>>> print(open('entry_16.csv').read())   # CSV, C-alpha atoms
chain,number,residue,atom,x,y,z
A,1,MET,CA,0.0,0.0,0.0
A,2,SER,CA,1.4,3.4,1.0
A,3,THR,CA,5.0,4.0,2.1
A,4,PRO,CA,6.2,6.7,4.5
A,5,SER,CA,7.1,8.9,1.6
A,6,GLY,CA,3.6,8.4,0.0
A,7,PRO,CA,0.4,10.3,0.8
A,8,ALA,CA,-0.2,11.2,4.4
A,9,LEU,CA,-3.7,9.8,4.2
A,10,PRO,CA,-3.7,6.3,2.7
A,11,TYR,CA,-7.2,6.5,1.3
A,12,ARG,CA,-8.7,8.5,-1.6
A,13,ASP,CA,-11.3,11.1,-1.4
A,14,THR,CA,-12.3,13.5,-4.2
A,15,LYS,CA,-13.4,16.4,-1.9
A,16,PRO,CA,-11.0,18.7,0.0
A,17,GLN,CA,-12.9,18.3,3.3
A,18,GLY,CA,-15.2,15.8,4.9
A,19,SER,CA,-18.9,16.4,5.7
A,20,ALA,CA,-19.5,17.6,9.2
A,21,ASP,CA,-22.7,15.6,9.3
A,22,PHE,CA,-20.5,12.5,9.7
A,23,TYR,CA,-20.2,13.6,13.3
A,24,PHE,CA,-24.0,13.1,13.8
A,25,ALA,CA,-23.7,9.6,12.5
A,26,THR,CA,-20.6,8.9,14.7
A,27,ASN,CA,-22.4,10.2,17.8
A,28,ALA,CA,-25.5,8.1,17.1
A,29,THR,CA,-23.4,5.0,16.4
A,30,PHE,CA,-21.6,5.4,19.7
A,31,ARG,CA,-24.9,5.8,21.5
A,32,PHE,CA,-26.2,2.6,19.8
A,33,LEU,CA,-23.1,0.6,20.6
A,34,LEU,CA,-22.9,1.8,24.2
A,35,ARG,CA,-26.5,0.8,24.8
A,36,ARG,CA,-26.2,-2.5,22.9
A,37,LEU,CA,-22.7,-3.6,24.0
A,38,GLY,CA,-21.9,-1.6,27.1
A,39,GLU,CA,-18.8,0.4,27.6
A,40,ALA,CA,-16.5,-2.6,27.4
A,41,GLY,CA,-18.0,-3.7,24.1
A,42,TRP,CA,-17.8,-0.2,22.7
A,43,ARG,CA,-14.1,0.0,23.7
A,44,ARG,CA,-13.4,-3.4,22.0
A,45,TYR,CA,-15.1,-2.2,18.9
A,46,LEU,CA,-12.9,0.9,18.8
A,47,GLU,CA,-9.7,-1.1,19.5
A,48,GLU,CA,-10.5,-3.5,16.7
A,49,LEU,CA,-11.3,-0.6,14.4
A,50,GLY,CA,-7.9,1.0,15.3
A,51,ARG,CA,-6.0,-2.2,14.6
A,52,GLY,CA,-7.9,-3.4,11.5
A,53,TYR,CA,-9.4,-0.5,9.5
A,54,PHE,CA,-6.5,1.8,10.3
A,55,GLU,CA,-3.8,-0.8,9.4
A,56,PRO,CA,-2.6,1.2,6.4
A,57,VAL,CA,-2.0,4.2,8.6
A,58,ASN,CA,-0.5,2.0,11.4
A,59,ARG,CA,1.9,0.6,8.8
A,60,GLN,CA,2.9,4.1,7.7
A,61,TRP,CA,3.6,5.0,11.3
A,62,ARG,CA,5.6,1.8,11.9
A,63,GLN,CA,7.7,2.5,8.8
A,64,GLY,CA,8.0,6.2,9.0
A,65,GLY,CA,8.1,6.8,12.8
A,66,LEU,CA,7.1,10.0,14.4
A,67,PRO,CA,7.5,12.2,11.2
A,68,ALA,CA,4.8,10.0,9.6
A,69,VAL,CA,2.6,10.4,12.6
A,70,ALA,CA,2.9,14.2,12.4
A,71,ARG,CA,2.3,14.2,8.7
A,72,TYR,CA,-0.8,12.1,9.1
A,73,TRP,CA,-2.4,14.3,11.7
A,74,ARG,CA,-1.7,17.5,9.8
A,75,ALA,CA,-3.4,16.0,6.7
A,76,PHE,CA,-6.2,14.5,8.7
A,77,PHE,CA,-7.2,17.7,10.5
A,78,ALA,CA,-6.8,19.7,7.3
A,79,ALA,CA,-9.6,17.6,5.9
A,80,GLU,CA,-11.8,18.0,9.0
A,81,PRO,CA,-14.3,20.9,8.7
A,82,GLY,CA,-13.8,23.5,11.4
A,83,ALA,CA,-10.7,22.0,13.1
A,84,ILE,CA,-8.3,24.3,14.8
A,85,VAL,CA,-5.3,22.1,15.6
A,86,GLU,CA,-1.5,22.4,16.1
A,87,VAL,CA,0.8,19.4,15.6
A,88,MET,CA,4.1,19.7,17.4
A,89,GLU,CA,7.0,17.4,16.7
A,90,GLN,CA,9.6,16.6,19.4
A,91,PRO,CA,12.4,14.0,19.3
A,92,ASP,CA,10.5,11.4,21.3
A,93,ARG,CA,6.8,12.3,20.6
A,94,VAL,CA,4.2,14.1,18.5
A,95,GLU,CA,1.7,16.2,20.3
A,96,VAL,CA,-1.6,17.1,18.7
A,97,GLN,CA,-3.2,20.1,20.4
A,98,VAL,CA,-6.8,20.3,19.4
A,99,LYS,CA,-7.8,23.8,20.1
A,100,GLU,CA,-11.3,23.4,18.7
A,101,CYS,CA,-12.6,19.9,18.1
A,102,PRO,CA,-14.7,19.9,14.9
A,103,ALA,CA,-16.9,17.1,16.1
A,104,ILE,CA,-17.9,18.6,19.4
A,105,LYS,CA,-18.4,22.0,17.8
A,106,HIS,CA,-20.6,20.6,15.0
A,107,LEU,CA,-22.6,18.4,17.4
A,108,ARG,CA,-23.3,21.4,19.7
A,109,ALA,CA,-24.2,23.6,16.7
A,110,GLY,CA,-26.6,20.9,15.6
A,111,GLY,CA,-28.3,20.7,19.0
A,112,ARG,CA,-27.3,17.1,19.4
A,113,GLU,CA,-27.1,15.3,22.8
A,114,ILE,CA,-23.4,14.2,22.8
A,115,VAL,CA,-22.7,10.9,24.4
A,116,ARG,CA,-20.6,11.6,27.5
A,117,GLU,CA,-18.0,9.0,26.5
A,118,TYR,CA,-17.5,10.7,23.1
A,119,CYS,CA,-14.0,12.0,23.9
A,120,ARG,CA,-12.8,8.7,25.2
A,121,HIS,CA,-13.2,7.3,21.7
A,122,CYS,CA,-10.1,9.2,20.7
A,123,TYR,CA,-8.1,7.4,23.4
A,124,HIS,CA,-9.3,3.9,22.7
A,125,LEU,CA,-8.9,4.2,18.9
A,126,GLY,CA,-5.6,6.2,19.2
A,127,ALA,CA,-4.0,3.9,21.7
A,128,ALA,CA,-4.8,0.8,19.6
A,129,ARG,CA,-3.3,2.5,16.5
A,130,ALA,CA,-0.3,3.6,18.4
A,131,GLU,CA,0.3,0.1,19.9
A,132,ALA,CA,0.1,-1.4,16.4
A,133,ALA,CA,2.8,1.0,15.3
A,134,GLY,CA,5.1,0.4,18.2
A,135,LEU,CA,4.2,3.7,20.0
A,136,THR,CA,2.3,4.8,23.0
A,137,MET,CA,-0.6,7.2,23.1
A,138,ARG,CA,-2.1,9.4,25.9
A,139,LEU,CA,-5.0,11.8,25.9
A,140,SER,CA,-5.8,14.7,28.2
A,141,GLY,CA,-8.6,17.3,28.1
A,142,GLY,CA,-11.8,16.8,26.0
A,143,ASN,CA,-15.2,18.4,25.6
A,144,GLY,CA,-13.9,20.6,22.7
A,145,THR,CA,-10.2,21.0,23.5
A,146,CYS,CA,-7.6,18.2,24.1
A,147,ARG,CA,-4.1,17.0,23.6
A,148,HIS,CA,-3.1,13.7,22.0
A,149,THR,CA,0.4,12.5,22.6
A,150,PHE,CA,2.0,9.8,20.4
A,151,ALA,CA,5.4,8.8,21.8
A,152,LEU,CA,8.2,6.3,21.5
A,153,PRO,CA,8.1,3.8,24.3
A,154,ALA,CA,11.4,5.3,25.5
A,155,ALA,CA,9.6,8.5,26.3
A,156,GLY,CA,8.3,6.8,29.4
A,157,LEU,CA,4.8,8.3,29.4
A,158,ALA,CA,2.9,7.7,32.6
A,159,PRO,CA,-0.1,5.3,32.2
A,160,GLN,CA,-3.3,6.9,30.9
A,161,ASP,CA,-5.3,8.5,33.7
A,162,PHE,CA,-8.9,8.4,32.5
A,163,ARG,CA,-9.7,11.2,34.9
A,164,GLN,CA,-7.7,13.4,32.5
A,165,ILE,CA,-10.3,12.8,29.8
A,166,GLU,CA,-13.3,15.0,30.2
A,167,GLU,CA,-16.8,13.8,29.6
A,168,ALA,CA,-18.4,15.5,26.6
A,169,ARG,CA,-21.3,17.8,27.2
A,170,SER,CA,-23.8,19.2,24.8
>>> encode(input="entry_16.csv", output="structure tokens")
Amino acid sequence: MSTPSGPALPYRDTKPQGSADFYFATNATFRFLLRRLGEAGWRRYLEELGRGYFEPVNRQWRQGGLPAVARYWRAFFAAEPGAIVEVMEQPDRVEVQVKECPAIKHLRAGGREIVREYCRHCYHLGAARAEAAGLTMRLSGGNGTCRHTFALPAAGLAPQDFRQIEEARS
């Protein structure tokens, strides 16, 4: 598939940005899965999605290291409508500072009731993807602003403290 020098997003799309209404579907899907499978089942779903569906990205990260992680997140958020994000590269980590989460913003603007676990999906999905690439991932903040950290194992990040991930509120 793609190599580290290939496109940052290993899938094709003909439009420059995604549709913000996708966030409505994501929120509704999370609500359904949480009710049907419970939080543990929802978490397993996200972890499997992170390892399986995102394998082309995970492969890019494994092969290209932290520069590939930074390149991916810059391209990803450039395609997200309304995102205000800064991607910072350090020798042992990449930090993605989400100053305005496009999903939370759009869900609020649309008057949707946001599932309280919404922000945790970024951790469960991101941690599975990072692990598949030989990295670690941590998340802090939430509810519209957060920080994702993707690091080399040698960075010695503390274990994820779930109290650092805020519940989403409408």
>>> residues_around(input="entry_16.csv", residues="stretch 87-99 of chain A", least_positions_apart="4", cutoff="12 Å", atoms="only C-alpha atoms", output="PyMOL selection string")
chain A and resi 61+65-78+80+82-83+103-105+119+122+126+130+135-157
>>> closest_residue(input="entry_16.csv", among="A:Thr29, A:Gly38, A:Gly134, A:Tyr123", to="A:Phe162", atoms="all atoms listed in the file")
A:Tyr123
>>> atom_distance(input="entry_16.csv", atom1="atom CA of A:Thr26", atom2="atom CA of A:His106")
11.7 Å
>>> atom_distance(input="entry_16.csv", atom1="atom CA of A:Glu100", atom2="atom CA of A:Ile84")
5.0 Å
>>> residues_around(input="entry_16.csv", residues="A:His121", least_positions_apart="5", cutoff="10 Å", atoms="all atoms listed in the file", output="ChimeraX atom specification")
/A:30,42-43,46-47,126-127
>>> atom_distance(input="entry_16.csv", atom1="atom CA of A:Phe32", atom2="atom CA of A:Val115")
10.1 Å
>>> closest_residue(input="entry_16.csv", among="A:Asp161, A:Glu131, A:Glu117, A:Glu166", to="A:Leu33", atoms="only C-alpha atoms")
A:Glu117
>>> closest_residue(input="entry_16.csv", among="A:Arg108, A:Arg44, A:Arg116, A:Arg59", to="A:Tyr23", atoms="only C-alpha atoms")
A:Arg108
>>> axis_aligned_box(input="entry_16.csv", around="stretch 89-106 of chain A", padding_each_side="8 Å", output="lines of an AutoDock Vina configuration file")
center_x = -4.1
center_y = 17.6
center_z = 18.1
size_x = 49.0
size_y = 28.4
size_z = 22.4
>>> decode(input="entry_16.csv", residues="stretch 23-44 of chain A", atoms="N, CA and C atoms", output="tab-separated table (two decimals), in the first residue's frame")
chain	number	residue	atom	x	y	z
A	23	TYR	N	-20.26	13.57	11.85
A	23	TYR	CA	-20.20	13.59	13.31
A	23	TYR	C	-21.53	13.19	13.93
A	24	PHE	N	-22.65	13.56	13.27
A	24	PHE	CA	-23.96	13.14	13.77
A	24	PHE	C	-24.06	11.61	13.74
A	25	ALA	N	-23.62	11.02	12.63
A	25	ALA	CA	-23.68	9.56	12.50
A	25	ALA	C	-22.77	8.88	13.52
A	26	THR	N	-21.59	9.45	13.73
A	26	THR	CA	-20.64	8.87	14.69
A	26	THR	C	-21.23	8.90	16.09
A	27	ASN	N	-21.78	10.03	16.49
A	27	ASN	CA	-22.38	10.17	17.81
A	27	ASN	C	-23.53	9.17	18.00
A	28	ALA	N	-24.38	9.06	16.97
A	28	ALA	CA	-25.51	8.12	17.05
A	28	ALA	C	-25.01	6.67	17.10
A	29	THR	N	-23.97	6.37	16.36
A	29	THR	CA	-23.41	5.01	16.38
A	29	THR	C	-22.84	4.69	17.75
A	30	PHE	N	-22.12	5.65	18.34
A	30	PHE	CA	-21.59	5.43	19.68
A	30	PHE	C	-22.72	5.19	20.68
A	31	ARG	N	-23.79	5.97	20.58
A	31	ARG	CA	-24.93	5.79	21.49
A	31	ARG	C	-25.51	4.38	21.34
A	32	PHE	N	-25.69	3.94	20.10
A	32	PHE	CA	-26.23	2.60	19.84
A	32	PHE	C	-25.31	1.53	20.42
A	33	LEU	N	-24.01	1.62	20.13
A	33	LEU	CA	-23.07	0.60	20.60
A	33	LEU	C	-22.96	0.58	22.12
A	34	LEU	N	-22.96	1.74	22.74
A	34	LEU	CA	-22.89	1.79	24.20
A	34	LEU	C	-24.13	1.14	24.83
A	35	ARG	N	-25.30	1.40	24.25
A	35	ARG	CA	-26.53	0.79	24.78
A	35	ARG	C	-26.56	-0.71	24.51
A	36	ARG	N	-26.12	-1.12	23.33
A	36	ARG	CA	-26.20	-2.52	22.93
A	36	ARG	C	-25.09	-3.37	23.55
A	37	LEU	N	-23.85	-2.86	23.55
A	37	LEU	CA	-22.69	-3.65	23.97
A	37	LEU	C	-22.11	-3.24	25.32
A	38	GLY	N	-22.54	-2.09	25.84
A	38	GLY	CA	-21.94	-1.57	27.07
A	38	GLY	C	-20.60	-0.92	26.77
A	39	GLU	N	-20.03	-0.28	27.80
A	39	GLU	CA	-18.77	0.44	27.57
A	39	GLU	C	-17.63	-0.49	27.18
A	40	ALA	N	-17.56	-1.68	27.77
A	40	ALA	CA	-16.47	-2.61	27.43
A	40	ALA	C	-16.58	-3.06	25.98
A	41	GLY	N	-17.78	-3.34	25.51
A	41	GLY	CA	-17.98	-3.75	24.11
A	41	GLY	C	-17.68	-2.63	23.15
A	42	TRP	N	-18.09	-1.42	23.49
A	42	TRP	CA	-17.79	-0.24	22.68
A	42	TRP	C	-16.27	-0.04	22.58
A	43	ARG	N	-15.59	-0.19	23.70
A	43	ARG	CA	-14.13	-0.04	23.72
A	43	ARG	C	-13.47	-1.10	22.82
A	44	ARG	N	-13.94	-2.35	22.91
A	44	ARG	CA	-13.39	-3.42	22.05
A	44	ARG	C	-13.62	-3.10	20.58
